[in-house]
Amino acid sequence: MRFLLFSASLRNDSLNTRLVKLAAEIIEKNGGSVDYAIMSEFDCPSFNQDLEINNSHPKGAEEFRKRILANDAFIISSPEYNGSMPGMIKNTIDWVSRFRPQPFNQHQALLMSASPSMGGGNKALWSLRIPLEHLGVRVYPDMFSLAAAHKAFTPEGKIIDETLSKRFEETLVAFMNLVEAAKHYPCIKKAWVEFLGEKTDHVTERVE
Ligand SMILES: Cc1cc2nc3c(=O)[nH]c(=O)nc-3n(C[C@H](O)[C@H](O)[C@H](O)COP(=O)(O)O)c2cc1C
């Protein structure tokens with residue numbers, strides 16, 4: 001199984017980057033292969049429909065699309081900004097949603113977050129879940145949020161608390177098993193319809 005992993009933070013000393021690097025180690029230890037990306041590869045100018053000339057997309061959106069399609073699943077570790085996801089990741093999702101076929105549809109994803117706060121950035125994940133599910137992503141029901149993340153890691157980048165560390169690995173392994181099952185034993189094919197009942201025309205073009 002191939003997994004795309006990235007942190008939705010551009011910050012050098014990002015806690016989410018630490019968490020996603022640990023996730024990458026655990027996936028490899030459990031037999032998965034990792035395609036590790038950095039958010040700057042997917043960064044896009046502010047979305048503006050007027051920039052969609054001749055079906056053109058910014059480089060960051062092209063790259064994210066390519067990497068989603070090249071992997072069996074993706075994992076995002078996202079900061080929480082003001083009780084929600086960072087604008088940058090939503091902006092990239094909006095750009096990528098404009099490709100046809102719509103690349104998110106039917107892809108598996110796992111969401112995680114890290115924050116110095118006691119909520120661990122969990123609200124960011126609920127907000128991130130909304131556009132992803134809207135676009136047909138199978139967002140894994142369990143999410144992992146690391147609270148007090150500035151104090152949670154050993155110098156080697158492991159999670160200090162043993163119970164949490166075990167829970168983190170169990171969540172990742174359960175997700176890996178689901179991705180494998182979804183790839184090898186597909187039993188549902190589902191169409192993606194952004195707004196049920198609408199008719200395709202040059203304004204909407206949102207049904208596949
Ligand atoms: C604009 C802004 C808003 C923030 N809002 C929240 C918040 O609502 N909840 C929270 O837990 N942390 C919040 N934080 C703190 C971030 O969780 C913290 O800076 C974290 O380290 C960012 O993730 P990173 O280390 O991966 O860059 C906010 C930080 C910034 C810069």
# chains A, B, ... in the order shown; residues from 1 in each chain; ligands from 1
$ residues_near_ligand --ligand "ligand 1" --cutoff "6 Å" --atoms "only C-alpha atoms and all ligand atoms" --output "VMD selection string"
chain A and resid 9 11 14 to 17 79 to 83 115 to 117 119 to 121
$ residues_around --residues "A:Ser127" --least-positions-apart "5" --cutoff "10 Å" --atoms "only C-alpha atoms" --output "number ranges by chain"
A: 80, 83-86, 90, 122, 132
$ write_last_selection --atoms "all heavy atoms" --output "compact mmCIF listing (two decimals), in the first residue's frame"
# COMPACT_ATOMS: atom_id res chain seq x y z
N GLU A 80 -4.55 23.55 13.95
CA GLU A 80 -5.86 24.20 14.12
C GLU A 80 -5.60 25.70 14.23
O GLU A 80 -4.83 26.14 15.08
CB GLU A 80 -6.53 23.69 15.41
CG GLU A 80 -7.86 24.37 15.70
CD GLU A 80 -8.54 23.77 16.94
OE1 GLU A 80 -8.76 22.54 16.96
OE2 GLU A 80 -8.81 24.53 17.88
N GLY A 83 -9.94 27.52 15.66
CA GLY A 83 -11.00 26.52 15.73
C GLY A 83 -11.33 25.88 14.40
O GLY A 83 -12.38 25.24 14.26
N SER A 84 -10.43 26.00 13.43
CA SER A 84 -10.74 25.46 12.10
C SER A 84 -9.43 25.05 11.42
O SER A 84 -8.36 25.11 12.02
CB SER A 84 -11.47 26.56 11.30
OG SER A 84 -11.90 26.05 10.06
N MET A 85 -9.54 24.62 10.15
CA MET A 85 -8.33 24.26 9.42
C MET A 85 -7.62 25.53 8.93
O MET A 85 -8.28 26.57 8.75
CB MET A 85 -8.68 23.37 8.23
CG MET A 85 -9.24 24.13 7.05
SD MET A 85 -9.89 23.04 5.78
CE MET A 85 -11.64 23.15 6.12
N PRO A 86 -6.31 25.48 8.67
CA PRO A 86 -5.64 26.63 8.07
C PRO A 86 -6.21 26.94 6.68
O PRO A 86 -6.52 26.01 5.92
CB PRO A 86 -4.18 26.18 7.95
CG PRO A 86 -4.03 25.06 8.92
CD PRO A 86 -5.38 24.39 8.97
N LYS A 90 -7.41 24.58 2.83
CA LYS A 90 -8.74 24.69 2.20
C LYS A 90 -8.60 25.26 0.78
O LYS A 90 -9.26 24.81 -0.16
CB LYS A 90 -9.65 25.58 3.05
CG LYS A 90 -11.03 25.84 2.46
CD LYS A 90 -11.86 24.57 2.34
CE LYS A 90 -13.33 24.84 2.14
NZ LYS A 90 -13.68 25.66 1.00
N ASN A 122 -8.09 19.27 17.47
CA ASN A 122 -9.11 18.36 16.94
C ASN A 122 -10.21 19.07 16.13
O ASN A 122 -10.75 18.49 15.17
CB ASN A 122 -9.72 17.57 18.11
CG ASN A 122 -10.60 16.45 17.64
OD1 ASN A 122 -11.81 16.54 17.72
ND2 ASN A 122 -10.00 15.39 17.12
N LEU A 132 -13.61 17.45 2.50
CA LEU A 132 -13.11 16.17 1.96
C LEU A 132 -14.26 15.18 1.75
O LEU A 132 -14.37 14.55 0.69
CB LEU A 132 -12.05 15.58 2.90
CG LEU A 132 -10.73 16.37 2.99
CD1 LEU A 132 -9.78 15.73 3.98
CD2 LEU A 132 -10.05 16.49 1.62
$ residues_around --residues "stretch 153-157 of chain A" --least-positions-apart "4" --cutoff "9 Å" --atoms "only C-alpha atoms" --output "PyMOL selection string"
chain A and resi 18-19+21-22+149+161
$ select_by_dssp --residues "stretch 9-192 of chain A" --states "strand (DSSP E)" --output "JSON, numbers by chain"
{"A": [33, 34, 35, 36, 73, 74, 75, 76, 77, 108, 109, 110, 111, 112, 113, 114, 138, 139, 144, 145, 146]}
$ closest_residue --among "A:Thr171, A:Gln106, A:Ser46, A:Ser145" --to "A:Gly60" --atoms "only C-alpha atoms"
A:Ser46
$ decode --residues "stretch 61-73 of chain A" --atoms "all heavy atoms" --output "PDB file, in the first residue's frame"
ATOM      1  N   ALA A  61      -1.631  22.718  -7.142  1.00  0.00           N
ATOM      2  CA  ALA A  61      -2.830  21.885  -7.305  1.00  0.00           C
ATOM      3  C   ALA A  61      -2.531  20.693  -8.207  1.00  0.00           C
ATOM      4  O   ALA A  61      -2.962  19.566  -7.939  1.00  0.00           O
ATOM      5  CB  ALA A  61      -3.969  22.717  -7.874  1.00  0.00           C
ATOM      6  N   GLU A  62      -1.764  20.942  -9.283  1.00  0.00           N
ATOM      7  CA  GLU A  62      -1.365  19.840 -10.184  1.00  0.00           C
ATOM      8  C   GLU A  62      -0.600  18.779  -9.399  1.00  0.00           C
ATOM      9  O   GLU A  62      -0.821  17.583  -9.565  1.00  0.00           O
ATOM     10  CB  GLU A  62      -0.433  20.358 -11.299  1.00  0.00           C
ATOM     11  CG  GLU A  62      -1.057  21.378 -12.234  1.00  0.00           C
ATOM     12  CD  GLU A  62      -1.692  20.734 -13.455  1.00  0.00           C
ATOM     13  OE1 GLU A  62      -1.750  19.502 -13.499  1.00  0.00           O
ATOM     14  OE2 GLU A  62      -2.157  21.495 -14.346  1.00  0.00           O
ATOM     15  N   GLU A  63       0.289  19.263  -8.511  1.00  0.00           N
ATOM     16  CA  GLU A  63       1.137  18.345  -7.744  1.00  0.00           C
ATOM     17  C   GLU A  63       0.303  17.516  -6.752  1.00  0.00           C
ATOM     18  O   GLU A  63       0.482  16.303  -6.634  1.00  0.00           O
ATOM     19  CB  GLU A  63       2.215  19.162  -7.010  1.00  0.00           C
ATOM     20  CG  GLU A  63       3.244  18.333  -6.280  1.00  0.00           C
ATOM     21  CD  GLU A  63       4.088  17.445  -7.202  1.00  0.00           C
ATOM     22  OE1 GLU A  63       4.218  17.752  -8.408  1.00  0.00           O
ATOM     23  OE2 GLU A  63       4.609  16.417  -6.699  1.00  0.00           O
ATOM     24  N   PHE A  64      -0.612  18.194  -6.064  1.00  0.00           N
ATOM     25  CA  PHE A  64      -1.436  17.468  -5.076  1.00  0.00           C
ATOM     26  C   PHE A  64      -2.296  16.432  -5.794  1.00  0.00           C
ATOM     27  O   PHE A  64      -2.394  15.275  -5.364  1.00  0.00           O
ATOM     28  CB  PHE A  64      -2.293  18.473  -4.293  1.00  0.00           C
ATOM     29  CG  PHE A  64      -2.948  17.906  -3.049  1.00  0.00           C
ATOM     30  CD1 PHE A  64      -2.505  16.735  -2.443  1.00  0.00           C
ATOM     31  CD2 PHE A  64      -4.027  18.574  -2.456  1.00  0.00           C
ATOM     32  CE1 PHE A  64      -3.110  16.225  -1.292  1.00  0.00           C
ATOM     33  CE2 PHE A  64      -4.643  18.076  -1.311  1.00  0.00           C
ATOM     34  CZ  PHE A  64      -4.189  16.895  -0.737  1.00  0.00           C
ATOM     35  N   ARG A  65      -2.884  16.826  -6.903  1.00  0.00           N
ATOM     36  CA  ARG A  65      -3.695  15.877  -7.683  1.00  0.00           C
ATOM     37  C   ARG A  65      -2.869  14.652  -8.066  1.00  0.00           C
ATOM     38  O   ARG A  65      -3.293  13.511  -7.877  1.00  0.00           O
ATOM     39  CB  ARG A  65      -4.217  16.572  -8.935  1.00  0.00           C
ATOM     40  CG  ARG A  65      -4.837  15.636  -9.941  1.00  0.00           C
ATOM     41  CD  ARG A  65      -5.248  16.402 -11.193  1.00  0.00           C
ATOM     42  NE  ARG A  65      -5.765  15.514 -12.207  1.00  0.00           N
ATOM     43  CZ  ARG A  65      -5.008  14.967 -13.161  1.00  0.00           C
ATOM     44  NH1 ARG A  65      -3.702  15.214 -13.216  1.00  0.00           N
ATOM     45  NH2 ARG A  65      -5.537  14.167 -14.042  1.00  0.00           N
ATOM     46  N   LYS A  66      -1.669  14.922  -8.614  1.00  0.00           N
ATOM     47  CA  LYS A  66      -0.802  13.826  -9.078  1.00  0.00           C
ATOM     48  C   LYS A  66      -0.485  12.870  -7.910  1.00  0.00           C
ATOM     49  O   LYS A  66      -0.557  11.653  -8.061  1.00  0.00           O
ATOM     50  CB  LYS A  66       0.497  14.449  -9.609  1.00  0.00           C
ATOM     51  CG  LYS A  66       1.364  13.513 -10.410  1.00  0.00           C
ATOM     52  CD  LYS A  66       2.588  14.224 -10.941  1.00  0.00           C
ATOM     53  CE  LYS A  66       3.713  14.117  -9.914  1.00  0.00           C
ATOM     54  NZ  LYS A  66       4.848  14.985 -10.155  1.00  0.00           N
ATOM     55  N   ARG A  67      -0.190  13.442  -6.756  1.00  0.00           N
ATOM     56  CA  ARG A  67       0.218  12.616  -5.607  1.00  0.00           C
ATOM     57  C   ARG A  67      -0.971  11.869  -5.005  1.00  0.00           C
ATOM     58  O   ARG A  67      -0.815  10.761  -4.508  1.00  0.00           O
ATOM     59  CB  ARG A  67       0.921  13.475  -4.559  1.00  0.00           C
ATOM     60  CG  ARG A  67       2.089  14.284  -5.106  1.00  0.00           C
ATOM     61  CD  ARG A  67       3.350  13.478  -5.245  1.00  0.00           C
ATOM     62  NE  ARG A  67       4.088  13.332  -4.013  1.00  0.00           N
ATOM     63  CZ  ARG A  67       4.972  14.208  -3.557  1.00  0.00           C
ATOM     64  NH1 ARG A  67       5.231  15.314  -4.200  1.00  0.00           N
ATOM     65  NH2 ARG A  67       5.629  13.963  -2.422  1.00  0.00           N
ATOM     66  N   ILE A  68      -2.162  12.468  -5.035  1.00  0.00           N
ATOM     67  CA  ILE A  68      -3.356  11.737  -4.557  1.00  0.00           C
ATOM     68  C   ILE A  68      -3.555  10.503  -5.429  1.00  0.00           C
ATOM     69  O   ILE A  68      -3.760   9.390  -4.934  1.00  0.00           O
ATOM     70  CB  ILE A  68      -4.629  12.622  -4.620  1.00  0.00           C
ATOM     71  CG1 ILE A  68      -4.573  13.759  -3.611  1.00  0.00           C
ATOM     72  CG2 ILE A  68      -5.896  11.783  -4.371  1.00  0.00           C
ATOM     73  CD1 ILE A  68      -5.626  14.832  -3.859  1.00  0.00           C
ATOM     74  N   LEU A  69      -3.465  10.716  -6.742  1.00  0.00           N
ATOM     75  CA  LEU A  69      -3.755   9.618  -7.675  1.00  0.00           C
ATOM     76  C   LEU A  69      -2.662   8.543  -7.659  1.00  0.00           C
ATOM     77  O   LEU A  69      -2.940   7.381  -7.950  1.00  0.00           O
ATOM     78  CB  LEU A  69      -3.949  10.166  -9.092  1.00  0.00           C
ATOM     79  CG  LEU A  69      -5.141  11.123  -9.260  1.00  0.00           C
ATOM     80  CD1 LEU A  69      -5.230  11.636 -10.687  1.00  0.00           C
ATOM     81  CD2 LEU A  69      -6.463  10.459  -8.849  1.00  0.00           C
ATOM     82  N   ALA A  70      -1.443   8.938  -7.298  1.00  0.00           N
ATOM     83  CA  ALA A  70      -0.334   7.973  -7.315  1.00  0.00           C
ATOM     84  C   ALA A  70      -0.306   7.094  -6.066  1.00  0.00           C
ATOM     85  O   ALA A  70       0.494   6.168  -5.978  1.00  0.00           O
ATOM     86  CB  ALA A  70       0.988   8.719  -7.447  1.00  0.00           C
ATOM     87  N   ASN A  71      -1.144   7.411  -5.086  1.00  0.00           N
ATOM     88  CA  ASN A  71      -1.116   6.671  -3.821  1.00  0.00           C
ATOM     89  C   ASN A  71      -2.469   6.021  -3.551  1.00  0.00           C
ATOM     90  O   ASN A  71      -3.483   6.411  -4.133  1.00  0.00           O
ATOM     91  CB  ASN A  71      -0.737   7.629  -2.679  1.00  0.00           C
ATOM     92  CG  ASN A  71       0.742   7.994  -2.726  1.00  0.00           C
ATOM     93  OD1 ASN A  71       1.582   7.226  -2.286  1.00  0.00           O
ATOM     94  ND2 ASN A  71       1.052   9.150  -3.311  1.00  0.00           N
ATOM     95  N   ASP A  72      -2.473   5.047  -2.634  1.00  0.00           N
ATOM     96  CA  ASP A  72      -3.734   4.382  -2.291  1.00  0.00           C
ATOM     97  C   ASP A  72      -4.533   5.185  -1.280  1.00  0.00           C
ATOM     98  O   ASP A  72      -5.740   4.983  -1.145  1.00  0.00           O
ATOM     99  CB  ASP A  72      -3.442   2.986  -1.718  1.00  0.00           C
ATOM    100  CG  ASP A  72      -2.772   2.096  -2.758  1.00  0.00           C
ATOM    101  OD1 ASP A  72      -3.356   1.944  -3.842  1.00  0.00           O
ATOM    102  OD2 ASP A  72      -1.663   1.598  -2.505  1.00  0.00           O
ATOM    103  N   ALA A  73      -3.859   6.049  -0.530  1.00  0.00           N
ATOM    104  CA  ALA A  73      -4.542   6.806   0.520  1.00  0.00           C
ATOM    105  C   ALA A  73      -3.669   7.990   0.899  1.00  0.00           C
ATOM    106  O   ALA A  73      -2.486   8.020   0.562  1.00  0.00           O
ATOM    107  CB  ALA A  73      -4.749   5.925   1.750  1.00  0.00           C
TER     108      ALA A  73
END
